[in-house]
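Trainee: Below you'll find start.tsv; it's TSV, C-alpha atoms.
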```tsv
chain	number	residue	atom	x	y	z
A	1	MET	CA	19.27	-16.72	18.69
A	2	LYS	CA	19.90	-13.27	17.37
A	3	LYS	CA	16.74	-11.80	15.89
A	4	ARG	CA	17.32	-9.52	12.91
A	5	ASN	CA	15.02	-7.90	10.35
A	6	ILE	CA	16.69	-7.01	7.07
A	7	VAL	CA	15.35	-4.84	4.25
A	8	PHE	CA	16.84	-5.52	0.82
A	9	ILE	CA	15.23	-3.41	-1.88
A	10	ALA	CA	15.81	-1.26	-4.92
A	11	ARG	CA	14.56	2.28	-5.19
A	12	SER	CA	14.79	5.10	-7.67
A	13	LEU	CA	17.04	8.09	-6.96
A	14	ASP	CA	13.91	9.91	-5.75
A	15	GLY	CA	12.96	7.09	-3.43
A	16	TYR	CA	10.21	5.15	-5.18
A	17	ILE	CA	9.95	1.38	-5.33
A	18	SER	CA	7.37	1.39	-8.13
A	19	GLY	CA	6.28	4.02	-10.63
A	20	LYS	CA	3.09	6.09	-10.83
A	21	ASN	CA	1.22	3.21	-12.46
A	22	GLY	CA	3.03	0.46	-10.58
A	23	GLU	CA	5.78	0.24	-13.22
A	24	LEU	CA	8.78	-1.92	-12.35
A	25	ASP	CA	10.49	-1.94	-15.77
A	26	TRP	CA	12.93	0.83	-14.68
A	27	LEU	CA	14.42	-1.70	-12.23
A	28	GLU	CA	15.95	-3.40	-15.25
A	29	SER	CA	16.88	-0.25	-17.15
A	30	ILE	CA	20.61	-0.89	-16.62
A	31	PRO	CA	21.80	-3.76	-18.84
A	32	ASN	CA	22.82	-6.77	-16.75
A	33	PRO	CA	24.15	-9.22	-19.34
A	34	ASP	CA	25.69	-11.60	-16.78
A	35	ASN	CA	22.60	-11.47	-14.61
A	36	ILE	CA	24.52	-10.55	-11.46
A	37	ASP	CA	22.27	-10.80	-8.40
A	38	MET	CA	23.59	-7.77	-6.46
A	39	GLY	CA	23.68	-9.62	-3.17
A	40	PHE	CA	20.35	-11.46	-3.38
A	41	GLY	CA	21.91	-14.93	-3.23
A	42	ARG	CA	24.04	-14.00	-0.22
A	43	LEU	CA	20.97	-12.58	1.49
A	44	MET	CA	19.07	-15.84	0.91
A	45	GLU	CA	21.90	-17.73	2.63
A	46	GLU	CA	21.87	-15.37	5.62
A	47	ILE	CA	18.15	-15.37	6.37
A	48	ASP	CA	15.80	-17.90	7.93
A	49	ALA	CA	12.62	-16.69	6.20
A	50	VAL	CA	11.04	-13.98	4.05
A	51	VAL	CA	8.19	-11.73	5.22
A	52	MET	CA	6.21	-9.83	2.61
A	53	GLY	CA	2.84	-8.22	1.96
A	54	ARG	CA	0.13	-9.48	-0.37
A	55	THR	CA	0.96	-7.01	-3.16
A	56	THR	CA	4.58	-8.12	-3.33
A	57	PHE	CA	3.55	-11.77	-3.17
A	58	GLU	CA	1.08	-11.35	-6.04
A	59	THR	CA	3.68	-9.41	-8.04
A	60	VAL	CA	6.26	-12.19	-7.63
A	61	VAL	CA	3.68	-14.89	-8.47
A	62	GLY	CA	2.68	-12.80	-11.50
A	63	PHE	CA	6.27	-12.78	-12.80
A	64	GLY	CA	5.85	-16.53	-13.42
A	65	GLY	CA	9.12	-18.38	-13.88
A	66	GLN	CA	11.06	-20.02	-11.08
A	67	TRP	CA	10.10	-19.28	-7.47
A	68	PRO	CA	12.95	-17.00	-6.37
A	69	TYR	CA	13.07	-17.75	-2.64
A	70	SER	CA	15.01	-20.66	-1.16
A	71	LYS	CA	13.67	-19.93	2.34
A	72	HIS	CA	10.13	-20.07	3.70
A	73	VAL	CA	7.94	-17.06	2.83
A	74	PHE	CA	5.36	-15.56	5.19
A	75	VAL	CA	2.76	-13.47	3.40
A	76	LEU	CA	0.96	-10.88	5.52
A	77	SER	CA	-2.61	-10.50	4.39
A	78	HIS	CA	-6.07	-10.03	5.83
A	79	SER	CA	-7.80	-10.64	2.50
A	80	LEU	CA	-5.93	-13.57	0.94
A	81	ASN	CA	-7.42	-16.97	1.89
A	82	GLU	CA	-5.39	-19.39	-0.10
A	83	ILE	CA	-1.91	-19.96	-1.46
A	84	PRO	CA	-1.58	-21.41	-4.99
A	85	SER	CA	-1.25	-25.21	-4.61
A	86	ASN	CA	2.28	-25.36	-6.10
A	87	LEU	CA	3.52	-22.99	-3.39
A	88	LYS	CA	1.75	-24.48	-0.36
A	89	SER	CA	4.91	-26.03	1.09
A	90	LYS	CA	6.89	-22.82	0.60
A	91	VAL	CA	4.49	-20.09	1.63
A	92	SER	CA	2.30	-19.45	4.70
A	93	LEU	CA	-0.31	-16.77	5.33
A	94	LEU	CA	-0.26	-14.63	8.45
A	95	ALA	CA	-2.46	-11.79	9.66
A	96	GLY	CA	-2.37	-9.49	12.67
A	97	SER	CA	-0.27	-6.69	14.05
A	98	VAL	CA	3.42	-6.53	13.21
A	99	GLU	CA	4.26	-7.56	16.79
A	100	THR	CA	2.02	-10.65	16.88
A	101	ILE	CA	3.19	-11.68	13.41
A	102	LEU	CA	6.82	-11.41	14.44
A	103	GLU	CA	6.20	-13.34	17.64
A	104	SER	CA	4.53	-16.12	15.70
A	105	ILE	CA	7.40	-16.31	13.19
A	106	HIS	CA	10.01	-16.38	15.97
A	107	GLU	CA	8.09	-19.15	17.75
A	108	LYS	CA	8.36	-21.23	14.59
A	109	GLY	CA	12.16	-20.89	14.83
A	110	TYR	CA	12.82	-18.23	12.18
A	111	TYR	CA	14.94	-15.38	13.51
A	112	VAL	CA	16.77	-13.65	10.68
A	113	LEU	CA	14.08	-12.24	8.40
A	114	TYR	CA	14.09	-10.56	5.01
A	115	ILE	CA	11.33	-7.96	5.15
A	116	ASP	CA	10.02	-7.15	1.68
A	117	GLY	CA	7.40	-4.98	0.04
A	118	GLY	CA	6.63	-1.29	0.49
A	119	SER	CA	3.76	-1.45	2.98
A	120	THR	CA	5.37	-4.20	5.04
A	121	ILE	CA	8.68	-2.36	5.26
A	122	GLN	CA	6.88	0.85	6.29
A	123	SER	CA	4.89	-1.01	8.99
A	124	PHE	CA	8.08	-2.51	10.41
A	125	LEU	CA	9.90	0.84	10.33
A	126	LYS	CA	6.97	2.54	12.11
A	127	GLU	CA	7.55	0.14	15.00
A	128	ASP	CA	11.33	0.61	14.77
A	129	LEU	CA	11.75	-3.07	13.97
A	130	ILE	CA	14.22	-2.84	11.07
A	131	ASP	CA	17.82	-3.68	11.98
A	132	GLU	CA	19.44	-3.48	8.59
A	133	LEU	CA	18.77	-1.58	5.36
A	134	ARG	CA	20.36	-2.75	2.11
A	135	ILE	CA	19.27	-0.18	-0.42
A	136	THR	CA	20.04	-0.38	-4.11
A	137	THR	CA	19.61	2.89	-5.98
A	138	ILE	CA	18.77	2.95	-9.69
A	139	PRO	CA	19.90	6.22	-11.36
A	140	ILE	CA	16.48	7.47	-12.43
A	141	LEU	CA	14.05	10.06	-11.11
A	142	LEU	CA	10.59	8.53	-11.45
A	143	GLY	CA	8.78	11.67	-10.33
A	144	GLY	CA	6.07	9.74	-8.49
A	145	GLY	CA	4.99	6.28	-7.39
A	146	PHE	CA	5.05	4.21	-4.22
A	147	PRO	CA	7.74	5.54	-1.85
A	148	LEU	CA	10.10	3.21	0.00
A	149	PHE	CA	9.92	5.25	3.18
A	150	GLY	CA	6.85	6.61	4.95
A	151	LYS	CA	6.30	8.95	7.85
A	152	LEU	CA	7.83	8.09	11.22
A	153	GLN	CA	7.05	9.33	14.71
A	154	LYS	CA	10.73	9.82	15.50
A	155	PRO	CA	13.99	9.90	13.51
A	156	GLN	CA	16.03	6.68	13.42
A	157	THR	CA	19.80	6.82	13.07
A	158	PHE	CA	21.74	4.20	11.13
A	159	GLU	CA	25.38	3.30	10.72
A	160	HIS	CA	26.84	2.96	7.24
A	161	ILE	CA	28.42	-0.46	6.78
A	162	SER	CA	29.27	-0.82	3.10
A	163	SER	CA	28.87	0.58	-0.40
A	164	ASN	CA	28.99	-1.35	-3.64
A	165	LEU	CA	28.76	-0.17	-7.22
A	166	TYR	CA	27.15	-2.68	-9.58
A	167	LEU	CA	27.20	-2.50	-13.37
A	168	ASN	CA	29.04	0.81	-13.03
A	169	GLN	CA	25.66	2.52	-12.41
A	170	ILE	CA	23.83	0.99	-9.48
A	171	VAL	CA	24.86	1.95	-5.96
A	172	GLN	CA	24.05	-0.34	-3.05
A	173	ASN	CA	24.47	0.86	0.50
A	174	CYS	CA	24.09	-1.18	3.67
A	175	TYR	CA	23.18	0.42	6.96
A	176	ILE	CA	22.51	-1.01	10.40
A	177	ARG	CA	20.25	0.54	13.01
A	178	LYS	CA	22.11	2.37	15.78
A	179	ARG	CA	20.29	1.64	19.02
B	1	MET	CA	30.13	28.40	-23.32
B	2	LYS	CA	28.76	25.18	-21.92
B	3	LYS	CA	25.72	25.85	-19.75
B	4	ARG	CA	25.37	23.51	-16.80
B	5	ASN	CA	23.12	23.44	-13.74
B	6	ILE	CA	24.49	21.50	-10.78
B	7	VAL	CA	22.69	20.40	-7.62
B	8	PHE	CA	24.91	19.81	-4.59
B	9	ILE	CA	22.91	18.95	-1.51
B	10	ALA	CA	22.64	16.69	1.51
B	11	ARG	CA	19.58	14.62	2.24
B	12	SER	CA	18.54	12.06	4.80
B	13	LEU	CA	18.32	8.39	3.88
B	14	ASP	CA	14.58	8.92	3.41
B	15	GLY	CA	15.09	11.89	1.13
B	16	TYR	CA	14.48	14.98	3.27
B	17	ILE	CA	16.60	18.11	3.21
B	18	SER	CA	15.14	19.47	6.45
B	19	GLY	CA	13.18	17.88	9.29
B	20	LYS	CA	9.50	18.15	10.23
B	21	ASN	CA	10.12	21.45	12.00
B	22	GLY	CA	12.82	22.66	9.63
B	23	GLU	CA	15.59	21.01	11.67
B	24	LEU	CA	19.04	20.97	10.08
B	25	ASP	CA	21.04	19.71	13.09
B	26	TRP	CA	21.04	16.11	11.75
B	27	LEU	CA	23.25	17.39	8.89
B	28	GLU	CA	26.03	17.62	11.44
B	29	SER	CA	25.22	14.43	13.34
B	30	ILE	CA	28.39	12.72	12.05
B	31	PRO	CA	31.48	14.12	13.81
B	32	ASN	CA	33.67	16.03	11.36
B	33	PRO	CA	36.70	17.00	13.47
B	34	ASP	CA	38.82	18.14	10.51
B	35	ASN	CA	35.94	20.04	8.99
B	36	ILE	CA	36.26	18.36	5.61
B	37	ASP	CA	34.08	20.10	3.03
B	38	MET	CA	32.89	17.05	1.07
B	39	GLY	CA	33.45	18.68	-2.29
B	40	PHE	CA	32.03	22.12	-1.57
B	41	GLY	CA	35.31	23.96	-2.25
B	42	ARG	CA	35.80	22.13	-5.53
B	43	LEU	CA	32.23	22.96	-6.52
B	44	MET	CA	32.87	26.66	-5.81
B	45	GLU	CA	35.86	26.55	-8.16
B	46	GLU	CA	33.83	24.91	-10.92
B	47	ILE	CA	30.82	27.20	-10.93
B	48	ASP	CA	30.23	30.74	-12.18
B	49	ALA	CA	27.37	31.57	-9.79
B	50	VAL	CA	24.93	30.24	-7.21
B	51	VAL	CA	21.15	30.27	-7.65
B	52	MET	CA	18.96	29.78	-4.58
B	53	GLY	CA	15.52	30.51	-3.21
B	54	ARG	CA	14.63	32.99	-0.49
B	55	THR	CA	14.30	30.36	2.26
B	56	THR	CA	17.81	29.02	1.66
B	57	PHE	CA	19.21	32.55	1.46
B	58	GLU	CA	17.59	33.52	4.76
B	59	THR	CA	18.80	30.30	6.35
B	60	VAL	CA	22.40	30.96	5.28
B	61	VAL	CA	22.20	34.61	6.42
B	62	GLY	CA	20.74	33.35	9.71
B	63	PHE	CA	23.76	31.09	10.31
B	64	GLY	CA	25.82	34.28	10.74
B	65	GLY	CA	29.56	33.71	10.42
B	66	GLN	CA	31.51	34.03	7.22
B	67	TRP	CA	29.61	34.27	3.92
B	68	PRO	CA	30.23	30.80	2.43
B	69	TYR	CA	30.07	31.57	-1.30
B	70	SER	CA	33.05	32.81	-3.30
B	71	LYS	CA	30.90	33.26	-6.41
B	72	HIS	CA	27.98	35.61	-7.08
B	73	VAL	CA	24.64	34.49	-5.61
B	74	PHE	CA	21.28	35.01	-7.33
B	75	VAL	CA	18.35	34.82	-4.93
B	76	LEU	CA	14.99	33.98	-6.49
B	77	SER	CA	12.21	35.78	-4.67
B	78	HIS	CA	8.99	37.59	-5.38
B	79	SER	CA	8.67	38.90	-1.83
B	80	LEU	CA	12.18	39.99	-0.85
B	81	ASN	CA	12.89	43.64	-1.71
B	82	GLU	CA	16.32	44.21	-0.32
B	83	ILE	CA	19.61	42.48	0.29
B	84	PRO	CA	21.42	43.20	3.60
B	85	SER	CA	23.90	46.02	2.92
B	86	ASN	CA	27.02	43.93	3.68
B	87	LEU	CA	26.02	41.48	0.93
B	88	LYS	CA	24.95	43.90	-1.78
B	89	SER	CA	28.05	43.33	-3.91
B	90	LYS	CA	27.74	39.54	-3.61
B	91	VAL	CA	24.03	38.90	-3.97
B	92	SER	CA	21.36	39.92	-6.52
B	93	LEU	CA	17.61	39.42	-6.45
B	94	LEU	CA	15.74	37.90	-9.39
B	95	ALA	CA	12.09	37.05	-9.96
B	96	GLY	CA	10.18	35.38	-12.76
B	97	SER	CA	9.84	31.96	-14.33
B	98	VAL	CA	12.76	29.55	-14.20
B	99	GLU	CA	13.36	30.11	-17.93
B	100	THR	CA	13.48	33.91	-17.78
B	101	ILE	CA	15.67	33.79	-14.68
B	102	LEU	CA	18.12	31.44	-16.38
B	103	GLU	CA	18.17	33.56	-19.52
B	104	SER	CA	18.94	36.66	-17.49
B	105	ILE	CA	21.76	34.90	-15.59
B	106	HIS	CA	23.29	33.57	-18.82
B	107	GLU	CA	23.12	37.04	-20.38
B	108	LYS	CA	25.21	38.31	-17.48
B	109	GLY	CA	27.90	35.75	-18.42
B	110	TYR	CA	27.30	33.08	-15.77
B	111	TYR	CA	26.95	29.62	-17.31
B	112	VAL	CA	27.87	26.96	-14.77
B	113	LEU	CA	25.40	27.31	-11.94
B	114	TYR	CA	25.04	25.75	-8.51
B	115	ILE	CA	21.30	25.36	-7.93
B	116	ASP	CA	20.47	25.29	-4.23
B	117	GLY	CA	17.44	25.04	-1.98
B	118	GLY	CA	14.53	22.61	-2.03
B	119	SER	CA	11.92	24.65	-3.92
B	120	THR	CA	14.44	26.00	-6.44
B	121	ILE	CA	15.84	22.53	-7.16
B	122	GLN	CA	12.31	21.16	-7.61
B	123	SER	CA	11.38	24.01	-9.99
B	124	PHE	CA	14.48	23.37	-12.11
B	125	LEU	CA	13.86	19.60	-12.15
B	126	LYS	CA	10.23	20.14	-13.21
B	127	GLU	CA	11.57	21.89	-16.33
B	128	ASP	CA	14.24	19.21	-16.78
B	129	LEU	CA	16.96	21.82	-16.33
B	130	ILE	CA	19.27	19.95	-13.95
B	131	ASP	CA	22.39	18.49	-15.59
B	132	GLU	CA	24.18	17.15	-12.57
B	133	LEU	CA	23.13	15.84	-9.16
B	134	ARG	CA	25.70	15.59	-6.35
B	135	ILE	CA	23.79	14.04	-3.50
B	136	THR	CA	25.21	13.49	-0.06
B	137	THR	CA	23.26	11.02	2.08
B	138	ILE	CA	23.29	11.24	5.87
B	139	PRO	CA	22.50	7.86	7.51
B	140	ILE	CA	19.32	8.85	9.30
B	141	LEU	CA	15.61	8.36	8.65
B	142	LEU	CA	13.94	11.65	9.55
B	143	GLY	CA	10.43	10.33	9.00
B	144	GLY	CA	9.14	13.61	7.60
B	145	GLY	CA	10.21	17.08	6.50
B	146	PHE	CA	10.89	18.91	3.25
B	147	PRO	CA	11.69	16.37	0.50
B	148	LEU	CA	14.57	16.92	-1.91
B	149	PHE	CA	12.58	15.63	-4.87
B	150	GLY	CA	9.05	16.51	-5.91
B	151	LYS	CA	6.64	15.18	-8.50
B	152	LEU	CA	7.71	15.17	-12.15
B	153	GLN	CA	5.67	14.88	-15.34
B	154	LYS	CA	8.07	12.30	-16.77
B	155	PRO	CA	10.93	10.16	-15.46
B	156	GLN	CA	14.48	11.46	-15.97
B	157	THR	CA	17.36	9.05	-16.36
B	158	PHE	CA	20.80	9.83	-15.00
B	159	GLU	CA	24.25	8.32	-15.35
B	160	HIS	CA	26.26	7.46	-12.26
B	161	ILE	CA	29.64	9.21	-12.33
B	162	SER	CA	31.22	8.72	-8.94
B	163	SER	CA	30.74	7.63	-5.34
B	164	ASN	CA	32.64	8.87	-2.31
B	165	LEU	CA	32.44	7.84	1.31
B	166	TYR	CA	33.17	10.63	3.77
B	167	LEU	CA	33.84	10.22	7.49
B	168	ASN	CA	33.17	6.50	7.02
B	169	GLN	CA	29.41	7.24	7.17
B	170	ILE	CA	28.36	9.75	4.56
B	171	VAL	CA	27.89	8.59	0.98
B	172	GLN	CA	28.10	11.10	-1.85
B	173	ASN	CA	27.00	10.12	-5.34
B	174	CYS	CA	27.33	12.17	-8.51
B	175	TYR	CA	25.02	11.68	-11.44
B	176	ILE	CA	24.71	13.47	-14.78
B	177	ARG	CA	21.51	13.76	-16.80
B	178	LYS	CA	21.32	11.36	-19.74
B	179	ARG	CA	19.73	13.27	-22.62
```
Reformat the file's structure so that it appears as structure tokens.
Mentor:
Amino acid sequence: MKKRNIVFIARSLDGYISGKNGELDWLESIPNPDNIDMGFGRLMEEIDAVVMGRTTFETVVGFGGQWPYSKHVFVLSHSLNEIPSNLKSKVSLLAGSVETILESIHEKGYYVLYIDGGSTIQSFLKEDLIDELRITTIPILLGGGFPLFGKLQKPQTFEHISSNLYLNQIVQNCYIRKR
Amino acid sequence: MKKRNIVFIARSLDGYISGKNGELDWLESIPNPDNIDMGFGRLMEEIDAVVMGRTTFETVVGFGGQWPYSKHVFVLSHSLNEIPSNLKSKVSLLAGSVETILESIHEKGYYVLYIDGGSTIQSFLKEDLIDELRITTIPILLGGGFPLFGKLQKPQTFEHISSNLYLNQIVQNCYIRKR
């Protein structure tokens, strides 16, 4: 089984995934009348499971509405004790280092993973565990907020795979790690 | 005369314009056997003058070789007193606030300006004086260095104008400020 960790995320032109006060409204600043999913549905088909941090999980739960993930979701948290009862069959909690978490997910038979949430993505990148970056860029400078990328010990080179322009404004680039 | 301030710069995937120790070698990590200029020549034709900070000026002088700018260059510096004698007809020194500098350049008859260098770009963006961003993204995570974008008081929205893929690896996006 080929193990693969994929990041699929939107950022501002200056690299933030949320604004100075956690704002996410700018993500929908470009009108999307036909509700195109910019590759999210295809991603869901490709992956075996989703891995995200507590903040992202709570944000998604807070959106209300339909649960957006068709694959099992692993939430990484040391503080969360329980999953809301309506999500218990769809979501599991995990804690530990990135390596032990990954090992445990692989042992359960999930190999192609969608890694989501700022802190989780940064932890995986720090260990050079991201194989694919699918980055959607919204044409706005936020001027501050939570950055997609953090510090790294060493540079990591990627190979550009594809570019797409959505809604005539939103650029999505896919890159795979060159090892 | 239509005044316009254009940024044309390369950054890493994680938004740096130079590495942790000022490295610039990654800018040439993608083989460019035919030495394509990725829009630099066209930019030179469009602009009336170049505006850059001292660090960028000293970096370009340090490269040696042919002087790359066919238009007049204004170097913003409070510390530099003299321009090397071979460049005296091509380069002028200016000091002061971004507004007074711009006013002085416009009075000299230069209206379409190429704004270059990290600190200079950030100063112009802080005053919301950038009209066009032409950003070339090299597929590497540097993990640290001098960031292209700094903090801003307020978000700035842009409109996506064009995307180009160079050397099958380097994405260049052009955006204009939506006012």
Trainee: Dump as a PDB file with C-alpha atoms, in the frame of the given file the residues of chain A that approach chain B to within 7 Å, counting only C-alpha atoms.
Mentor:
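Output (selection-v7.pdb):
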```
ATOM      1  CA  ASP A  14      13.910   9.910  -5.750  1.00  0.00           C
ATOM      2  CA  GLY A  15      12.960   7.090  -3.430  1.00  0.00           C
ATOM      3  CA  PRO A 139      19.900   6.220 -11.360  1.00  0.00           C
ATOM      4  CA  ILE A 140      16.480   7.470 -12.430  1.00  0.00           C
ATOM      5  CA  LEU A 141      14.050  10.060 -11.110  1.00  0.00           C
ATOM      6  CA  LEU A 142      10.590   8.530 -11.450  1.00  0.00           C
ATOM      7  CA  GLY A 143       8.780  11.670 -10.330  1.00  0.00           C
ATOM      8  CA  GLY A 144       6.070   9.740  -8.490  1.00  0.00           C
ATOM      9  CA  PHE A 149       9.920   5.250   3.180  1.00  0.00           C
ATOM     10  CA  GLY A 150       6.850   6.610   4.950  1.00  0.00           C
ATOM     11  CA  LYS A 151       6.300   8.950   7.850  1.00  0.00           C
ATOM     12  CA  LEU A 152       7.830   8.090  11.220  1.00  0.00           C
ATOM     13  CA  GLN A 153       7.050   9.330  14.710  1.00  0.00           C
ATOM     14  CA  LYS A 154      10.730   9.820  15.500  1.00  0.00           C
ATOM     15  CA  PRO A 155      13.990   9.900  13.510  1.00  0.00           C
ATOM     16  CA  GLN A 156      16.030   6.680  13.420  1.00  0.00           C
ATOM     17  CA  THR A 157      19.800   6.820  13.070  1.00  0.00           C
ATOM     18  CA  PHE A 158      21.740   4.200  11.130  1.00  0.00           C
ATOM     19  CA  GLU A 159      25.380   3.300  10.720  1.00  0.00           C
ATOM     20  CA  HIS A 160      26.840   2.960   7.240  1.00  0.00           C
ATOM     21  CA  GLN A 169      25.660   2.520 -12.410  1.00  0.00           C
TER      22      GLN A 169
END
```
Trainee: Looking at B:Leu129, B:Lys3, B:Gly117, B:Ala10, which one is nearest to Val60 of chain B, with distances taken over only C-alpha atoms?
Mentor: B:Gly117
Trainee: What is the distance between atom CA of Phe8 of chain B and atom CA of Asn86 of chain B, in Å to one decimal?
Mentor: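 That distance, rounded to one decimal, is 25.6 Å.
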Trainee: How big is the axis-aligned box, and where does its centre sit, when it encloses all atoms of segment 48-59 of chain B listed in the file and has 6 Å added on every side, reported in Å to one decimal as AutoDock Vina command-line options?
Mentor:
```
--center_x 22.3 --center_y 31.3 --center_z -2.9 --size_x 27.9 --size_y 16.5 --size_z 30.5
```
Trainee: Grab the atom CA of Ile9 of chain B to atom CA of Glu46 of chain B distance for me, in Å with one decimal place.
Mentor: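 Answer for the atom CA of Ile9 of chain B to atom CA of Glu46 of chain B separation: 15.6 Å.
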Trainee: Which residue out of B:Val91, B:Thr136, B:Phe146, B:Glu23 has the minimum interatomic distance to Met38 of chain B when all atoms listed in the file are used?
Mentor: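 Smallest separation from Met38 of chain B among the options: B:Thr136.
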Trainee: In Å, how far is it from atom CA of Asn5 of chain A to atom CA of Tyr111 of chain A?
Mentor: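 Distance reported for this atom pair: 8.1 Å.
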